[in-house]
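J.: File final-v3.txt below, compact mmCIF, C-alpha atoms (C1' of nucleotides):
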# COMPACT_ATOMS: atom_id res chain seq x y z
CA MET A 3 49.29 181.32 84.21
CA GLU A 4 49.92 183.48 87.20
CA ARG A 5 51.55 186.77 86.48
CA THR A 6 54.66 187.13 88.59
CA ASP A 7 55.69 190.57 89.81
CA LEU A 8 59.09 190.56 88.14
CA ILE A 9 60.23 193.77 89.80
CA GLY A 10 59.23 192.42 93.20
CA LEU A 11 61.03 189.15 92.44
CA TYR A 12 64.18 191.10 91.61
CA HIS A 13 64.13 192.91 94.94
CA ARG A 14 63.59 189.67 96.84
CA LEU A 15 66.56 188.06 95.13
CA LEU A 16 68.72 191.14 95.64
CA ALA A 17 67.81 191.24 99.33
CA ALA A 18 68.64 187.55 99.70
CA TYR A 19 71.93 187.42 97.82
CA GLY A 20 73.20 190.98 97.41
CA PRO A 21 74.75 192.40 94.23
CA GLN A 22 76.52 189.74 92.15
CA GLY A 23 78.66 192.11 90.11
CA TRP A 24 78.50 190.23 86.82
CA TRP A 25 80.07 189.64 84.29
CA PRO A 26 83.31 188.30 85.80
CA ALA A 27 85.67 189.35 83.01
CA ASP A 28 88.30 191.90 82.09
CA GLY A 29 86.95 193.84 79.12
CA PRO A 30 84.37 193.18 76.39
CA PHE A 31 86.39 190.67 74.37
CA GLU A 32 86.86 188.49 77.42
CA VAL A 33 83.11 188.69 78.01
CA ILE A 34 82.47 187.44 74.49
CA VAL A 35 84.94 184.57 74.78
CA GLY A 36 83.44 183.65 78.14
CA ALA A 37 79.89 183.78 76.79
CA ILE A 38 80.80 181.19 74.15
CA LEU A 39 82.92 179.01 76.41
CA THR A 40 80.37 178.80 79.22
CA GLN A 41 77.64 177.37 76.98
CA ALA A 42 76.23 174.33 78.82
CA THR A 43 79.29 174.38 81.03
CA ALA A 44 80.06 175.26 84.61
CA TRP A 45 81.61 178.72 84.75
CA GLU A 46 84.62 177.43 86.70
CA ASN A 47 85.57 175.24 83.73
CA ALA A 48 85.07 178.06 81.24
CA ALA A 49 87.24 180.27 83.45
CA ARG A 50 90.05 177.71 83.31
CA ALA A 51 89.88 177.75 79.53
CA ILE A 52 90.00 181.57 79.51
CA ASP A 53 93.05 181.49 81.77
CA ASN A 54 94.75 179.13 79.33
CA LEU A 55 94.05 181.53 76.47
CA ARG A 56 95.34 184.45 78.53
CA ARG A 57 98.57 182.69 79.44
CA ALA A 58 99.06 181.84 75.78
CA GLY A 59 98.64 185.52 74.91
CA LEU A 60 95.57 184.77 72.80
CA LEU A 61 92.95 186.82 74.65
CA ASP A 62 93.02 189.32 71.80
CA PRO A 63 90.85 189.31 68.65
CA LYS A 64 93.67 189.53 66.11
CA ARG A 65 95.95 187.03 67.80
CA LEU A 66 93.15 184.56 68.40
CA MET A 67 92.05 184.98 64.78
CA ASN A 68 95.54 183.99 63.62
CA ALA A 69 95.88 181.02 65.97
CA PRO A 70 95.39 177.53 64.50
CA LEU A 71 92.06 175.89 65.29
CA ASP A 72 93.62 172.85 66.97
CA ARG A 73 95.80 175.11 69.10
CA ILE A 74 92.71 176.96 70.36
CA ALA A 75 90.86 173.68 70.91
CA SER A 76 93.65 172.23 73.04
CA LEU A 77 93.81 175.37 75.19
CA ILE A 78 90.07 175.42 75.87
CA ARG A 79 89.68 171.73 76.68
CA PRO A 80 88.42 172.42 80.24
CA ALA A 81 85.41 174.26 78.77
CA LEU A 82 83.80 171.04 77.38
CA TYR A 83 82.84 170.58 73.71
CA TYR A 84 86.17 172.21 72.93
CA ASN A 85 86.30 171.35 69.23
CA GLN A 86 82.91 172.92 68.63
CA LYS A 87 83.68 175.93 70.79
CA ALA A 88 86.99 176.55 69.01
CA LYS A 89 85.02 176.74 65.76
CA LYS A 90 82.51 179.08 67.38
CA LEU A 91 85.25 181.44 68.51
CA LYS A 92 86.66 181.42 64.99
CA ALA A 93 83.21 182.04 63.53
CA PHE A 94 82.77 185.10 65.74
CA LEU A 95 86.21 186.43 64.78
CA GLU A 96 85.53 185.90 61.07
CA PHE A 97 82.25 187.78 61.43
CA LEU A 98 84.08 190.59 63.25
CA ALA A 99 86.77 190.78 60.58
CA GLU A 100 84.44 190.64 57.58
CA ARG A 101 81.76 193.00 58.81
CA TYR A 102 83.73 195.39 61.03
CA GLY A 103 87.32 195.10 59.91
CA GLY A 104 88.14 193.44 63.21
CA ASP A 105 87.08 196.55 65.17
CA LEU A 106 85.24 195.31 68.27
CA ASP A 107 84.14 198.80 69.33
CA ARG A 108 82.40 199.33 65.99
CA LEU A 109 80.47 196.11 66.44
CA LEU A 110 79.45 196.90 70.01
CA ASP A 111 78.39 200.45 69.03
CA GLU A 112 75.70 199.09 66.71
CA PRO A 113 72.07 199.73 67.70
CA LEU A 114 70.72 196.91 69.85
CA SER A 115 68.52 195.23 67.26
CA ASP A 116 71.18 195.35 64.54
CA LEU A 117 73.76 194.02 66.97
CA ARG A 118 71.44 191.20 68.00
CA ASP A 119 70.63 190.24 64.41
CA GLY A 120 74.31 190.24 63.52
CA LEU A 121 75.32 188.10 66.47
CA LEU A 122 72.50 185.63 65.83
CA SER A 123 73.75 185.19 62.25
CA ILE A 124 77.00 183.73 63.59
CA PRO A 125 77.00 179.92 63.67
CA GLY A 126 77.30 178.83 67.30
CA VAL A 127 75.82 182.04 68.72
CA GLY A 128 72.23 181.47 69.83
CA PRO A 129 69.88 183.83 71.67
CA GLU A 130 71.36 183.41 75.15
CA THR A 131 74.93 183.94 74.00
CA ALA A 132 73.89 186.91 71.85
CA ASP A 133 71.99 188.56 74.70
CA SER A 134 74.88 187.95 77.11
CA ILE A 135 77.23 189.73 74.70
CA ILE A 136 74.79 192.60 74.12
CA LEU A 137 74.21 193.07 77.85
CA TYR A 138 77.59 192.45 79.42
CA ALA A 139 79.99 193.37 76.60
CA ALA A 140 78.07 196.16 74.86
CA GLY A 141 76.19 197.38 77.95
CA LYS A 142 72.85 197.51 76.16
CA PRO A 143 69.54 196.37 77.71
CA SER A 144 68.82 192.92 76.29
CA PHE A 145 67.57 190.49 78.92
CA VAL A 146 69.38 187.15 79.13
CA VAL A 147 67.23 184.04 79.53
CA ASP A 148 68.86 180.78 80.54
CA SER A 149 67.77 177.41 81.87
CA TYR A 150 67.65 178.80 85.43
CA THR A 151 65.35 181.61 84.31
CA LYS A 152 63.03 179.21 82.58
CA ARG A 153 62.94 176.83 85.53
CA LEU A 154 62.29 179.62 88.00
CA LEU A 155 59.41 181.19 86.07
CA SER A 156 57.96 177.78 85.40
CA ARG A 157 58.12 177.02 89.11
CA LEU A 158 56.41 180.32 89.86
CA GLY A 159 53.67 179.48 87.38
CA SER A 160 54.40 182.41 85.10
CA ILE A 161 55.12 180.36 81.98
CA GLU A 162 54.24 177.03 80.47
CA PRO A 163 57.03 174.48 80.83
CA ARG A 164 57.49 174.56 77.04
CA ALA A 165 57.67 178.34 76.73
CA GLY A 166 60.25 179.51 74.22
CA TYR A 167 63.21 181.84 74.65
CA GLU A 168 61.73 184.94 73.03
CA GLU A 169 58.48 184.61 74.94
CA ILE A 170 60.28 184.53 78.29
CA ARG A 171 62.60 187.38 77.30
CA GLY A 172 59.54 189.38 76.30
CA LEU A 173 58.06 189.07 79.78
CA PHE A 174 61.11 190.72 81.32
CA LEU A 175 61.41 193.39 78.62
CA ALA A 176 57.76 194.33 79.15
CA ALA A 177 58.00 194.42 82.94
CA LEU A 178 61.32 196.20 83.44
CA PRO A 179 62.71 199.60 82.47
CA PRO A 180 65.48 199.23 79.84
CA ASP A 181 68.33 199.49 82.32
CA PRO A 182 71.47 197.45 81.51
CA ASP A 183 72.64 197.44 85.13
CA LEU A 184 69.26 196.14 86.29
CA TYR A 185 69.18 193.43 83.60
CA GLY A 186 72.73 192.37 84.33
CA GLU A 187 72.20 192.10 88.05
CA TYR A 188 68.84 190.38 87.66
CA HIS A 189 70.17 187.64 85.40
CA ALA A 190 73.14 187.08 87.71
CA LEU A 191 70.80 186.81 90.71
CA ILE A 192 68.62 184.27 88.92
CA VAL A 193 71.69 182.14 88.21
CA ARG A 194 72.88 182.45 91.80
CA HIS A 195 69.46 181.44 93.06
CA GLY A 196 69.17 178.60 90.56
CA LYS A 197 72.47 177.12 91.64
CA GLU A 198 71.43 177.05 95.27
CA HIS A 199 67.70 176.31 95.19
CA CYS A 200 64.95 174.44 93.41
CA ARG A 201 67.25 172.16 91.41
CA SER A 202 64.86 169.23 91.63
CA ALA A 203 61.11 169.39 91.60
CA PRO A 204 59.77 169.56 95.15
CA LEU A 205 62.35 171.60 96.93
CA CYS A 206 62.16 175.21 98.08
CA ALA A 207 62.54 174.62 101.81
CA ASP A 208 64.34 177.69 103.22
CA CYS A 209 64.17 179.21 99.76
CA PRO A 210 64.43 183.03 99.97
CA ILE A 211 61.52 183.47 97.57
CA ALA A 212 59.38 180.73 99.09
CA SER A 213 56.73 183.25 100.10
CA ILE A 214 55.85 183.87 96.46
CA CYS A 215 56.45 180.32 95.25
CA PRO A 216 53.16 178.43 94.78
CA HIS A 217 54.87 175.07 95.08
CA PRO A 218 53.18 173.01 97.84
CA LYS A 219 56.46 172.23 99.58
CA ALA A 220 57.62 175.81 99.61
CA GLY A 221 58.34 176.67 103.19
CA ARG A 222 56.09 179.66 103.54
C1' DG B 17 80.99 155.84 89.03
C1' DG B 18 77.18 158.63 87.61
C1' DC B 19 75.37 163.09 87.13
C1' DC B 20 75.31 167.67 85.56
C1' DA B 21 77.09 172.43 84.55
C1' DG B 22 75.23 180.22 82.91
C1' DG B 23 73.58 176.12 74.69
C1' DA B 24 73.44 175.53 69.92
C1' DC B 25 72.48 172.89 66.09
C1' DA B 26 71.33 168.99 63.03
C1' DC B 27 68.04 165.64 62.08
C1' DC B 28 63.74 163.43 62.27
C1' DA B 29 58.69 162.79 62.09
C1' DT C 25 57.08 172.84 65.91
C1' DG C 26 58.64 169.51 69.05
C1' DG C 27 61.33 165.90 70.60
C1' DT C 28 65.92 163.87 70.67
C1' DG C 29 70.93 163.06 69.87
C1' DT C 30 75.61 165.15 69.68
C1' DC C 31 79.34 167.59 71.56
C1' DA C 32 82.91 165.23 75.38
C1' DT C 33 85.81 168.09 80.74
C1' DG C 34 85.98 168.27 85.57
C1' DG C 35 84.10 168.48 90.26
C1' DC C 36 81.20 166.49 93.55
In structure tokens, what does this structure look like?
T.:
Amino acid sequence: MERTDLIGLYHRLLAAYGPQGWWPADGPFEVIVGAILTQATAWENAARAIDNLRRAGLLDPKRLMNAPLDRIASLIRPALYYNQKAKKLKAFLEFLAERYGGDLDRLLDEPLSDLRDGLLSIPGVGPETADSIILYAAGKPSFVVDSYTKRLLSRLGSIEPRAGYEEIRGLFLAALPPDPDLYGEYHALIVRHGKEHCRSAPLCADCPIASICPHPKAGR
DNA sequence: GGCCAGGACACCA
DNA sequence: TGGTGTCATGGC
């Protein structure tokens, strides 16, 4: 495996795309709702679902907690897998109520590792969703790995195609200073790049990081 | 009309 | 552990 200069990669992406300003949300609770609703779903569809919740006055922990499950599900239909995601939202709110008396600030003030363990204990919250919440809602340095991240590092030869989530996250944690702004911008840049380049195997023509991409068809 | 989005989980061998 | 099916909308 080649070792990719992850700091250098960050600067290349930043130079190519500019700051992305993630997460697109108004306040930590909206970040959390968005993190769950965007699972395996285009952000535009998740955003529609969030708008529906907002118009219904349910973008609030207590009010969403008291809303019927089928009411939530019908509002978030655009977000795909809406029945499952309605249950996931409820599961998060039950966790928040039982462990923190419904106080979101108390949850987000937890030390990073405790916060991560707590979030991962919630059914429907896996590592990517947990790290998104830790990073973008709590503002703590936990790197978010998604399918774009995995595909990019695999393309660059830094990981085996079957590398697991924690292994990939560990590469970034080891290479970068624990800066939430850096992590947040980096993840957003990887997503931006992934949407626009290298979707299918031999691509990379006019790719902004082609000069460090070992792929034969990279236009270097 | 098919394909795929900023995953997680259950089930199987 | 790793592979695979399920969930089930909307835009291109």
J.: Which protein, DNA or RNA residues have an atom at most 12 Å from (74.2, 162.3, 89.0), counting all atoms listed in the file? List them as a compact mmCIF listing (two decimals) with C-alpha atoms (C1' of nucleotides), in the frame of the given file.
T.:
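File produced: out-v9.txt:
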# COMPACT_ATOMS: atom_id res chain seq x y z
CA SER A 202 64.86 169.23 91.63
C1' DG B 17 80.99 155.84 89.03
C1' DG B 18 77.18 158.63 87.61
C1' DC B 19 75.37 163.09 87.13
C1' DC B 20 75.31 167.67 85.56
C1' DA B 21 77.09 172.43 84.55
C1' DG C 35 84.10 168.48 90.26
C1' DC C 36 81.20 166.49 93.55
J.: Between atom CA of Pro21 of chain A and atom C1' of DG22 of chain B, what is the distance, to one decimal in Å?
T.: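 Distance between the two atoms: 16.6 Å.
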J.: Please identify every residue of chain A that has at least one atom no farther than 9 Å from an atom of chain B, counting only C-alpha atoms (C1' of nucleotides), and for each give the shortest atom pair and the distance in Å to one decimal, arranged by chain then increasing number, as a Markdown table.
T.:
| residue | atom | partner | partner_atom | distance |
| --- | --- | --- | --- | --- |
| A:Ala37 | CA | B:DG22 | C1' | 8.5 |
| A:Ile38 | CA | B:DG23 | C1' | 8.8 |
| A:Thr40 | CA | B:DG22 | C1' | 6.5 |
| A:Gln41 | CA | B:DG23 | C1' | 4.8 |
| A:Ala42 | CA | B:DG23 | C1' | 5.2 |
| A:Thr43 | CA | B:DA21 | C1' | 4.6 |
| A:Ala44 | CA | B:DA21 | C1' | 4.1 |
| A:Trp45 | CA | B:DG22 | C1' | 6.8 |
| A:Asn47 | CA | B:DA21 | C1' | 9.0 |
| A:Pro125 | CA | B:DA24 | C1' | 8.4 |
| A:Gly126 | CA | B:DA24 | C1' | 5.7 |
| A:Val127 | CA | B:DA24 | C1' | 7.0 |
| A:Gly128 | CA | B:DA24 | C1' | 6.1 |
| A:Glu130 | CA | B:DG23 | C1' | 7.6 |
| A:Thr131 | CA | B:DG23 | C1' | 8.0 |
| A:Asp148 | CA | B:DG22 | C1' | 6.8 |
| A:Ser149 | CA | B:DG22 | C1' | 8.0 |
| A:Tyr150 | CA | B:DG22 | C1' | 8.1 |
| A:Ala190 | CA | B:DG22 | C1' | 8.6 |
| A:Val193 | CA | B:DG22 | C1' | 6.7 |
J.: Determine, for each residue of chain C having at least one atom at most 7 Å from an atom of chain A, the closest pair of atoms and their separation in Å to one decimal, counting all atoms listed in the file; order by chain and ascending number, as a Markdown table.
T.:
| residue | atom | partner | partner_atom | distance |
| --- | --- | --- | --- | --- |
| C:DC31 | C1' | A:Tyr83 | CA | 5.1 |
| C:DA32 | C1' | A:Tyr83 | CA | 5.6 |
| C:DT33 | C1' | A:Leu82 | CA | 4.9 |
J.: Would you put the residues from that selection into a file with C-alpha atoms (C1' of nucleotides), as a PDB file, in the coordinates of the input?
T.:
ATOM      1  C1'  DC C  31      79.340 167.590  71.560  1.00  0.00           C
ATOM      2  C1'  DA C  32      82.910 165.230  75.380  1.00  0.00           C
ATOM      3  C1'  DT C  33      85.810 168.090  80.740  1.00  0.00           C
TER       4       DT C  33
END
J.: If I take atom CA of Arg118 of chain A and atom CA of Arg101 of chain A, how far is one from the other in Å, to one decimal?
T.: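 Atom CA of Arg101 of chain A lies at a distance of 13.9 Å from atom CA of Arg118 of chain A.
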J.: For atom CA of His199 of chain A and atom CA of Leu178 of chain A, determine how far apart the two atoms are, in Å to one decimal place.
T.: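 Going from atom CA of His199 of chain A over to atom CA of Leu178 of chain A, I get 24.0 Å.
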